[in-house]
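K.L.:
Enclosed is the structure file query.csv (CSV, C-alpha atoms and all ligand atoms).
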chain,number,residue,atom,x,y,z
K,1,MET,CA,-23.9,9.9,-5.2
K,2,GLN,CA,-21.7,9.7,-2.0
K,3,THR,CA,-18.1,9.0,-2.8
K,4,PHE,CA,-15.2,8.0,-0.6
K,5,LYS,CA,-11.4,7.6,-0.9
K,6,ALA,CA,-10.2,4.0,-1.5
K,7,LEU,CA,-7.0,2.2,-2.4
K,8,VAL,CA,-8.0,0.1,-5.4
K,9,VAL,CA,-5.9,-2.8,-6.8
K,10,GLU,CA,-6.5,-3.7,-10.4
K,11,THR,CA,-4.9,-6.7,-12.1
K,12,GLY,CA,-3.5,-6.8,-15.6
K,13,ASP,CA,-0.3,-5.4,-17.1
K,14,PRO,CA,0.8,-3.5,-15.1
K,15,TYR,CA,-0.7,-4.6,-11.7
K,16,THR,CA,-1.7,-1.3,-10.0
K,17,ALA,CA,-2.7,-0.1,-6.6
K,18,GLN,CA,-4.1,3.5,-6.8
K,19,ILE,CA,-6.0,5.8,-4.6
K,20,ARG,CA,-9.3,7.0,-6.2
K,21,GLN,CA,-12.8,8.0,-5.3
K,22,ALA,CA,-15.2,5.0,-5.1
K,23,THR,CA,-19.0,5.0,-5.0
K,24,LEU,CA,-21.4,3.3,-2.6
K,25,ASP,CA,-22.8,1.1,-5.3
K,26,GLU,CA,-19.3,-0.3,-5.9
K,27,LEU,CA,-19.3,-1.8,-2.4
K,28,PRO,CA,-20.0,-5.5,-2.0
K,29,GLN,CA,-23.1,-6.9,-0.3
K,30,GLY,CA,-23.3,-6.9,3.5
K,31,ASP,CA,-25.7,-6.0,6.3
K,32,VAL,CA,-23.6,-3.3,8.0
K,33,LEU,CA,-22.0,-0.2,6.5
K,34,VAL,CA,-19.0,1.0,8.5
K,35,GLN,CA,-17.2,4.4,8.4
K,36,VAL,CA,-13.6,3.3,8.6
K,37,ALA,CA,-11.5,5.3,11.0
K,38,TYR,CA,-8.3,3.2,10.9
K,39,SER,CA,-7.0,0.2,9.0
K,40,SER,CA,-3.5,-1.3,9.3
K,41,LEU,CA,-0.8,-2.7,7.1
K,42,ASN,CA,0.0,-6.4,7.5
K,43,TYR,CA,2.4,-8.7,5.7
K,44,LYS,CA,-0.6,-10.1,3.7
K,45,ASP,CA,-1.7,-6.6,2.7
K,46,ALA,CA,1.8,-5.8,1.4
K,47,LEU,CA,1.6,-8.9,-0.7
K,48,ALA,CA,-1.8,-7.9,-2.1
K,49,ILE,CA,-0.8,-4.2,-2.8
K,50,THR,CA,2.5,-5.0,-4.5
K,51,GLY,CA,1.2,-8.2,-6.3
K,52,ALA,CA,4.2,-10.1,-4.8
K,53,GLY,CA,1.8,-12.8,-3.6
K,54,LYS,CA,-1.5,-14.1,-4.9
K,55,VAL,CA,-3.6,-12.8,-2.1
K,56,ILE,CA,-6.4,-11.2,-4.0
K,57,ARG,CA,-9.1,-13.5,-5.3
K,58,SER,CA,-11.1,-11.0,-7.5
K,59,PHE,CA,-10.5,-7.6,-9.0
K,60,PRO,CA,-10.9,-4.7,-8.6
K,61,MET,CA,-10.2,-5.1,-4.9
K,62,VAL,CA,-9.8,-2.8,-1.9
K,63,PRO,CA,-7.1,-4.4,0.2
K,64,GLY,CA,-6.9,-4.1,4.0
K,65,ILE,CA,-7.5,-7.2,6.1
K,66,ASP,CA,-8.2,-5.1,9.2
K,67,LEU,CA,-10.6,-2.2,9.9
K,68,ALA,CA,-11.9,-0.3,12.8
K,69,GLY,CA,-14.7,2.3,12.7
K,70,THR,CA,-18.2,3.3,13.4
K,71,VAL,CA,-21.4,1.7,12.2
K,72,LEU,CA,-23.3,4.1,9.8
K,73,GLU,CA,-26.2,1.8,8.7
K,74,SER,CA,-27.2,-1.7,10.0
K,75,ALA,CA,-29.8,-4.2,9.0
K,76,SER,CA,-28.6,-6.5,11.8
K,77,PRO,CA,-30.2,-6.4,15.3
K,78,GLU,CA,-26.6,-6.9,16.7
K,79,TYR,CA,-25.4,-3.4,15.7
K,80,LYS,CA,-26.8,0.1,15.5
K,81,PRO,CA,-25.5,3.3,14.0
K,82,GLY,CA,-22.7,4.8,16.2
K,83,ASP,CA,-21.4,1.4,17.5
K,84,PRO,CA,-17.6,1.2,17.4
K,85,VAL,CA,-16.5,-2.1,15.7
K,86,ILE,CA,-13.5,-3.9,14.6
K,87,LEU,CA,-13.0,-6.5,11.9
K,88,THR,CA,-10.0,-8.8,11.1
K,89,GLY,CA,-9.8,-11.6,8.6
K,90,TRP,CA,-12.7,-13.5,7.1
K,91,GLY,CA,-11.3,-12.9,3.6
K,92,VAL,CA,-11.9,-9.2,3.8
K,93,GLY,CA,-9.2,-7.4,1.7
K,94,GLU,CA,-8.8,-10.7,-0.2
K,95,ARG,CA,-12.2,-11.6,-1.7
K,96,HIS,CA,-14.4,-8.9,-0.1
K,97,TRP,CA,-13.5,-5.2,-0.2
K,98,GLY,CA,-11.4,-4.3,2.8
K,99,GLY,CA,-10.3,-1.6,5.2
K,100,LEU,CA,-8.1,0.7,3.1
K,101,ALA,CA,-11.2,2.8,2.2
K,102,GLY,CA,-13.4,5.4,3.9
K,103,LEU,CA,-16.3,3.1,3.9
K,104,ALA,CA,-16.7,-0.7,4.1
K,105,ARG,CA,-19.9,-2.8,3.7
K,106,VAL,CA,-19.5,-6.1,5.6
K,107,ARG,CA,-21.3,-9.0,7.2
K,108,SER,CA,-22.3,-8.4,10.8
K,109,GLU,CA,-21.1,-11.9,11.9
K,110,TRP,CA,-17.6,-10.8,11.0
K,111,LEU,CA,-17.6,-7.8,13.3
K,112,VAL,CA,-16.4,-7.7,16.9
K,113,PRO,CA,-17.6,-4.9,19.2
K,114,LEU,CA,-14.6,-2.6,20.2
K,115,PRO,CA,-13.6,-4.0,23.6
K,116,GLU,CA,-13.9,-1.6,26.5
K,117,GLY,CA,-10.7,0.3,27.2
K,118,LEU,CA,-9.3,0.3,23.6
K,119,THR,CA,-9.6,3.2,21.2
K,120,LEU,CA,-10.2,2.5,17.5
K,121,GLN,CA,-6.6,3.5,16.8
K,122,GLN,CA,-5.2,1.1,19.4
K,123,ALA,CA,-7.4,-1.7,18.1
K,124,MET,CA,-5.7,-1.2,14.7
K,125,GLY,CA,-2.3,-1.0,16.4
K,126,ILE,CA,-3.2,-4.6,17.5
K,127,GLY,CA,-5.0,-5.6,14.3
K,128,THR,CA,-4.6,-9.1,12.7
K,129,ALA,CA,-0.9,-9.1,13.9
K,130,GLY,CA,-1.7,-8.6,17.6
K,131,PHE,CA,-4.8,-10.9,17.4
K,132,THR,CA,-2.6,-13.6,15.9
K,133,ALA,CA,0.1,-13.1,18.6
K,134,MET,CA,-2.7,-13.5,21.2
K,135,LEU,CA,-3.9,-16.7,19.5
K,136,CYS,CA,-0.3,-18.0,19.6
K,137,VAL,CA,0.0,-17.2,23.3
K,138,MET,CA,-3.4,-18.8,24.1
K,139,ALA,CA,-2.4,-22.0,22.2
K,140,LEU,CA,0.9,-22.2,24.0
K,141,GLU,CA,-0.8,-21.7,27.4
K,142,ALA,CA,-3.5,-24.3,26.6
K,143,HIS,CA,-0.6,-26.7,25.9
K,144,GLY,CA,1.0,-25.9,29.3
K,145,LEU,CA,3.7,-23.3,29.0
K,146,ASP,CA,6.4,-23.6,31.6
K,147,LYS,CA,7.3,-20.3,33.3
K,148,SER,CA,10.7,-21.6,34.4
K,149,LYS,CA,11.8,-21.9,30.8
K,150,GLU,CA,12.5,-19.3,28.2
K,151,VAL,CA,10.1,-18.5,25.4
K,152,LEU,CA,11.3,-17.7,21.9
K,153,VAL,CA,9.7,-15.3,19.4
K,154,THR,CA,11.0,-15.2,15.8
K,155,GLY,CA,10.6,-12.3,13.4
K,156,ALA,CA,10.5,-10.4,16.7
K,157,ALA,CA,10.8,-6.8,15.2
K,158,GLY,CA,7.8,-7.4,12.9
K,159,GLY,CA,4.1,-6.8,13.7
K,160,VAL,CA,3.2,-10.2,15.0
K,161,GLY,CA,6.6,-10.6,16.6
K,162,SER,CA,6.6,-7.3,18.5
K,163,LEU,CA,3.2,-7.9,20.0
K,164,ALA,CA,4.1,-11.5,20.9
K,165,VAL,CA,7.2,-10.2,22.7
K,166,ALA,CA,5.2,-7.6,24.6
K,167,LEU,CA,2.3,-10.0,25.6
K,168,LEU,CA,4.6,-12.8,26.7
K,169,ALA,CA,6.9,-10.4,28.7
K,170,GLN,CA,3.8,-8.8,30.4
K,171,LEU,CA,2.5,-12.3,31.3
K,172,GLY,CA,5.8,-12.9,33.1
K,173,TYR,CA,7.6,-15.2,30.7
K,174,ARG,CA,11.4,-14.8,30.0
K,175,VAL,CA,11.3,-13.8,26.3
K,176,VAL,CA,14.2,-14.4,23.9
K,177,ALA,CA,13.6,-12.3,20.7
K,178,SER,CA,15.1,-13.6,17.5
K,179,THR,CA,15.7,-11.0,14.8
K,180,GLY,CA,17.7,-10.4,11.6
K,181,ARG,CA,18.0,-6.7,12.7
K,182,THR,CA,20.1,-6.8,15.8
K,183,SER,CA,20.0,-2.9,15.5
K,184,GLU,CA,16.5,-3.3,17.0
K,185,GLU,CA,17.9,-4.6,20.3
K,186,ALA,CA,16.9,-1.5,22.3
K,187,TYR,CA,13.4,-1.5,20.9
K,188,LEU,CA,12.9,-5.3,21.6
K,189,LYS,CA,14.2,-4.9,25.1
K,190,SER,CA,11.8,-1.9,25.7
K,191,LEU,CA,9.0,-4.4,24.9
K,192,GLY,CA,10.3,-6.8,27.5
K,193,ALA,CA,12.7,-9.1,25.7
K,194,ARG,CA,15.4,-10.4,28.1
K,195,GLU,CA,17.8,-11.5,25.3
K,196,ILE,CA,18.3,-11.0,21.6
K,197,LEU,CA,19.1,-14.0,19.4
K,198,ASP,CA,20.5,-13.3,15.9
K,199,ARG,CA,18.3,-14.9,13.3
K,200,ALA,CA,21.4,-16.4,11.6
K,201,VAL,CA,21.9,-18.7,14.6
K,202,LEU,CA,18.5,-20.3,14.0
K,203,SER,CA,18.7,-20.4,10.2
K,204,ALA,CA,22.1,-22.1,10.1
K,205,PRO,CA,22.0,-25.8,9.5
K,206,ALA,CA,21.2,-27.5,12.9
K,207,ARG,CA,21.7,-31.0,14.2
K,208,PRO,CA,18.4,-33.1,14.6
K,209,LEU,CA,18.5,-32.3,18.3
K,210,GLU,CA,20.4,-29.3,19.8
K,211,SER,CA,20.7,-28.5,23.5
K,212,GLU,CA,17.2,-28.2,25.1
K,213,ARG,CA,16.4,-24.5,25.7
K,214,PHE,CA,12.9,-23.1,25.0
K,215,GLY,CA,9.7,-24.1,26.7
K,216,GLY,CA,7.6,-22.5,24.0
K,217,ALA,CA,8.0,-20.5,20.8
K,218,VAL,CA,6.0,-18.2,18.6
K,219,ASP,CA,7.3,-18.6,15.0
K,220,THR,CA,6.3,-15.9,12.5
K,221,VAL,CA,9.1,-16.8,10.0
K,222,GLY,CA,8.8,-20.5,9.0
K,223,GLY,CA,11.4,-22.0,6.6
K,224,ALA,CA,15.0,-22.4,7.8
K,225,VAL,CA,14.3,-20.5,11.0
K,226,LEU,CA,11.5,-22.8,12.1
K,227,ALA,CA,13.7,-25.7,11.2
K,228,GLY,CA,16.3,-24.3,13.6
K,229,VAL,CA,13.7,-23.7,16.4
K,230,LEU,CA,12.4,-27.3,16.6
K,231,PRO,CA,15.7,-29.0,17.6
K,232,ARG,CA,16.2,-26.3,20.4
K,233,MET,CA,12.9,-27.0,22.1
K,234,ALA,CA,13.0,-28.4,25.6
K,235,TYR,CA,11.2,-31.6,26.5
K,236,GLY,CA,7.4,-31.2,26.2
K,237,GLY,CA,7.7,-27.7,24.7
K,238,SER,CA,5.5,-26.4,21.9
K,239,VAL,CA,5.9,-24.1,19.0
K,240,ALA,CA,3.0,-21.9,17.7
K,241,ALA,CA,3.6,-21.6,14.0
K,242,CYS,CA,1.8,-18.7,12.4
K,243,GLY,CA,3.9,-17.2,9.6
K,244,ASN,CA,6.1,-17.8,6.5
K,245,ALA,CA,7.9,-14.4,6.1
K,246,GLY,CA,11.1,-16.4,5.7
K,247,GLY,CA,9.7,-19.3,3.6
K,248,ALA,CA,6.9,-21.8,3.4
K,249,LYS,CA,9.0,-25.0,3.2
K,250,LEU,CA,9.9,-26.9,6.4
K,251,GLU,CA,12.8,-29.3,6.3
K,252,THR,CA,13.2,-31.1,9.6
K,253,THR,CA,13.4,-34.5,11.3
K,254,VAL,CA,10.8,-36.2,13.5
K,255,PHE,CA,13.3,-36.4,16.4
K,256,PRO,CA,12.0,-33.3,18.4
K,257,PHE,CA,8.5,-34.8,18.2
K,258,ILE,CA,9.3,-38.4,19.0
K,259,LEU,CA,12.2,-38.0,21.4
K,260,ARG,CA,11.2,-34.8,23.2
K,261,GLY,CA,7.4,-34.8,22.9
K,262,VAL,CA,7.6,-31.4,21.1
K,263,SER,CA,4.3,-30.1,19.6
K,264,LEU,CA,3.9,-27.9,16.5
K,265,LEU,CA,0.7,-25.9,16.9
K,266,GLY,CA,-0.8,-24.4,13.8
K,267,ILE,CA,-2.4,-20.9,14.2
K,268,ASP,CA,-4.9,-19.3,11.8
K,269,SER,CA,-6.5,-15.9,12.4
K,270,VAL,CA,-8.6,-15.6,9.3
K,271,MET,CA,-11.3,-18.2,9.9
K,272,CYS,CA,-10.9,-18.2,13.7
K,273,PRO,CA,-14.3,-18.9,15.3
K,274,ARG,CA,-16.2,-16.0,16.9
K,275,GLU,CA,-16.1,-17.3,20.5
K,276,LYS,CA,-12.3,-17.5,20.4
K,277,ARG,CA,-12.1,-14.1,18.7
K,278,LEU,CA,-14.1,-12.5,21.5
K,279,GLU,CA,-11.9,-14.2,24.1
K,280,ALA,CA,-8.7,-13.1,22.4
K,281,TRP,CA,-9.8,-9.4,22.0
K,282,GLN,CA,-10.9,-9.3,25.7
K,283,ARG,CA,-7.4,-10.6,26.7
K,284,LEU,CA,-5.7,-8.1,24.4
K,285,ALA,CA,-7.6,-5.3,25.9
K,286,HIS,CA,-6.6,-6.5,29.4
K,287,ASP,CA,-3.1,-8.0,29.0
K,288,LEU,CA,-1.4,-5.5,26.7
K,289,PRO,CA,-0.2,-2.4,28.5
K,290,ARG,CA,-1.1,0.8,26.5
K,291,PRO,CA,2.5,2.3,26.7
K,292,LEU,CA,3.9,-0.9,25.1
K,293,LEU,CA,1.3,-0.9,22.4
K,294,GLU,CA,2.1,2.8,21.6
K,295,THR,CA,5.8,1.8,21.4
K,296,THR,CA,5.0,-0.7,18.6
K,297,LEU,CA,2.8,1.5,16.4
K,298,GLN,CA,3.2,4.2,13.9
K,299,THR,CA,0.3,6.0,12.3
K,300,VAL,CA,0.5,6.7,8.5
K,301,SER,CA,-1.7,8.1,5.8
K,302,LEU,CA,-3.3,6.2,2.9
K,303,GLU,CA,-1.0,8.0,0.5
K,304,GLU,CA,2.1,6.4,2.2
K,305,VAL,CA,0.7,2.9,2.0
K,306,PRO,CA,2.0,1.7,-1.4
K,307,GLY,CA,5.6,2.7,-0.6
K,308,LEU,CA,5.4,1.2,2.9
K,309,ALA,CA,4.1,-2.1,1.5
K,310,GLN,CA,7.4,-2.5,-0.4
K,311,ALA,CA,9.4,-1.6,2.7
K,312,LEU,CA,7.4,-4.1,4.8
K,313,LEU,CA,8.2,-7.0,2.4
K,314,GLN,CA,11.8,-6.1,2.5
K,315,GLY,CA,11.7,-6.5,6.3
K,316,GLN,CA,12.4,-2.8,7.0
K,317,VAL,CA,9.3,-2.0,9.0
K,318,ARG,CA,9.4,-2.1,12.8
K,319,GLY,CA,6.3,-3.1,14.7
K,320,ARG,CA,2.8,-2.0,13.4
K,321,LEU,CA,1.6,0.5,10.8
K,322,VAL,CA,-1.8,2.0,11.5
K,323,VAL,CA,-3.4,3.7,8.6
K,324,LYS,CA,-5.6,6.7,9.4
K,325,MET,CA,-8.6,6.8,7.1
K,326,ALA,CA,-11.1,9.3,8.6
B,401,LIG,P1,6.0,-8.2,9.3
B,401,LIG,O1,6.6,-7.9,8.0
B,401,LIG,O2,5.6,-7.1,10.2
B,401,LIG,O3,7.1,-9.1,10.2
B,401,LIG,C1,7.8,-10.2,9.6
B,401,LIG,C2,9.1,-10.3,10.2
B,401,LIG,O4,9.7,-11.5,9.8
B,401,LIG,C3,10.1,-9.2,9.8
B,401,LIG,O5,10.0,-8.0,10.6
B,401,LIG,C4,11.4,-9.8,10.0
B,401,LIG,O6,11.7,-9.8,11.4
B,401,LIG,C5,11.1,-11.3,9.7
B,401,LIG,N1,11.5,-11.6,8.3
B,401,LIG,C6,11.1,-10.9,7.2
B,401,LIG,N2,11.6,-11.4,6.1
B,401,LIG,C7,12.4,-12.5,6.5
B,401,LIG,C8,13.2,-13.4,5.8
B,401,LIG,N3,13.3,-13.4,4.5
B,401,LIG,N4,13.8,-14.4,6.5
B,401,LIG,C9,13.6,-14.4,7.9
B,401,LIG,N5,12.9,-13.5,8.6
B,401,LIG,C10,12.3,-12.6,7.9
B,401,LIG,O7,4.8,-9.2,9.1
B,401,LIG,P2,3.7,-9.6,10.1
B,401,LIG,O8,4.2,-9.6,11.5
B,401,LIG,O9,2.4,-8.9,9.7
B,401,LIG,O10,3.5,-11.2,9.7
B,401,LIG,C11,4.5,-12.1,10.0
B,401,LIG,C12,4.1,-13.4,9.4
B,401,LIG,O11,3.0,-14.0,9.9
B,401,LIG,C13,3.8,-13.3,7.9
B,401,LIG,O12,4.3,-14.5,7.2
B,401,LIG,C14,2.3,-13.3,7.8
B,401,LIG,O13,1.8,-13.8,6.6
B,401,LIG,C15,2.0,-14.3,8.9
B,401,LIG,N6,0.7,-14.1,9.5
B,401,LIG,C16,-0.1,-15.1,9.7
B,401,LIG,C17,-1.3,-15.0,10.3
B,401,LIG,C18,-2.2,-16.3,10.5
B,401,LIG,O14,-3.4,-16.2,10.7
B,401,LIG,N7,-1.5,-17.4,10.6
B,401,LIG,C19,-1.9,-13.7,10.7
B,401,LIG,C20,-0.9,-12.7,10.6
B,401,LIG,C21,0.3,-12.8,10.0
B,401,LIG,P3,13.1,-9.4,12.0
B,401,LIG,O15,13.6,-8.2,11.3
B,401,LIG,O16,12.9,-9.2,13.5
B,401,LIG,O17,14.0,-10.6,11.8
Would you kindly transcribe this structure into structure tokens?
P.N.:
Amino acid sequence: MQTFKALVVETGDPYTAQIRQATLDELPQGDVLVQVAYSSLNYKDALAITGAGKVIRSFPMVPGIDLAGTVLESASPEYKPGDPVILTGWGVGERHWGGLAGLARVRSEWLVPLPEGLTLQQAMGIGTAGFTAMLCVMALEAHGLDKSKEVLVTGAAGGVGSLAVALLAQLGYRVVASTGRTSEEAYLKSLGAREILDRAVLSAPARPLESERFGGAVDTVGGAVLAGVLPRMAYGGSVAACGNAGGAKLETTVFPFILRGVSLLGIDSVMCPREKRLEAWQRLAHDLPRPLLETTLQTVSLEEVPGLAQALLQGQVRGRLVVKMA
């Protein structure tokens, strides 16, 4: 029986995440078998691995909401052995065994062909985080993002934040990066940020309307930070809200919405429809310069993942963690 290495999370007392050999017949149903070359570590994976958040819906579970690899077997006419593919979201790593294993059996409709010009490793440098950053940028653009005004990114030194800074700067926007780690100023400026804004400025209690400043914002933090972003938006500006690293509650007033026409745009990457996925990945392959992508990513081993999951939840990880599987 073929075996492969997998990080397996078991519930109970204690909650454990351990690397062990798994067998093919443990894999869930699906019409495509993928040899995983790389996965990545996202905020949601860290919650799943540590048990800090109720992310996993059934146990035992292989976490990993992202994977990139090569098709080994396919019962779908869309894919044949040898095809390079990527997968993000769709509940993989939450209710269907995910990417932190040598093999994954998945549904073909969840897969996206690797876009031309990207390697499997670069695709995981992007992963759910970069894909979400791109969805935020697309939502802001569709709403009419004004190039003459600054664009704010919160949680800027994290995965989604880093890639949002890089994408927006590359597209010619003046990016202000908000971070709790002002020691990351040089890194954020290397991605294209013009200015660094201390997170404490945004999370301090704000008036219902502050001076108008930002034409758009990507918010990965939520909570008090998002509450501080809304009163600082310029007339007609919009905020793409995708995260809750700083809290899920939002205490605000309606004044930015009813007096300045500000819009709050919700972003979800997990169930994002296929057409939009393909568009976002094409844009990522085109709009994200490879040297910037390389600046944001660090490649680690599966053995390092449990320790790094703790560090990520403590806000100590910069940019993206790519996990080498093959
Ligand atoms: P990371 O951990 O890489 O980045 C999160 C960043 O948020 C940190 O680097 C830090 O940035 C900031 N942060 C962390 N803790 C706090 C805190 N207590 N208060 C304020 N700021 C904090 O995570 P990801 O980039 O992978 O994900 C970011 C968020 O987006 C998460 O909430 C995640 O669940 C969500 N997400 C949502 C998706 C969707 O589909 N809607 C998809 C992907 C992610 P800094 O040090 O710069 O301040």
K.L.:
Determine the nearest neighbour of ligand LIG 401 (chain B) from the options K:Pro113, K:Gly172, K:Pro77, K:Gly64, counting only C-alpha atoms and all ligand atoms.
P.N.:
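Closest candidate: K:Gly64.
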K.L.:
Please provide as a PyMOL selection string all residues within 10 Å of Trp90 in chain K, with the sequence filter that same-chain residues fewer than 6 positions apart are discarded (counting all atoms listed in the file).
P.N.:
chain K and resi 65-66+96+107+109-111+269-273
K.L.:
Take CA of Leu264 in chain K and CA of Gly243 in chain K and report the distance between them in Å, one decimal.
P.N.:
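Here the two named atoms are 12.7 Å from each other.
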K.L.:
Show me which residues sit within 7 Å of ligand LIG 401 (chain B) when counting only C-alpha atoms and all ligand atoms, and put them as a VMD selection string.
P.N.:
chain K and resid 42 to 44 128 to 129 132 154 to 161 178 to 181 199 220 to 221 225 242 to 247 267 to 270 312 to 320
K.L.:
So how many Å separate CA of Ala17 in chain K and CA of Ile49 in chain K, to one decimal?
P.N.:
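Atom-to-atom, CA of Ala17 in chain K to CA of Ile49 in chain K, that is 5.9 Å.
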K.L.:
What does the distance between CA of Leu100 in chain K and CA of Leu47 in chain K come to in Å, to one decimal place?
P.N.:
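Interatomic distance here is 14.2 Å.
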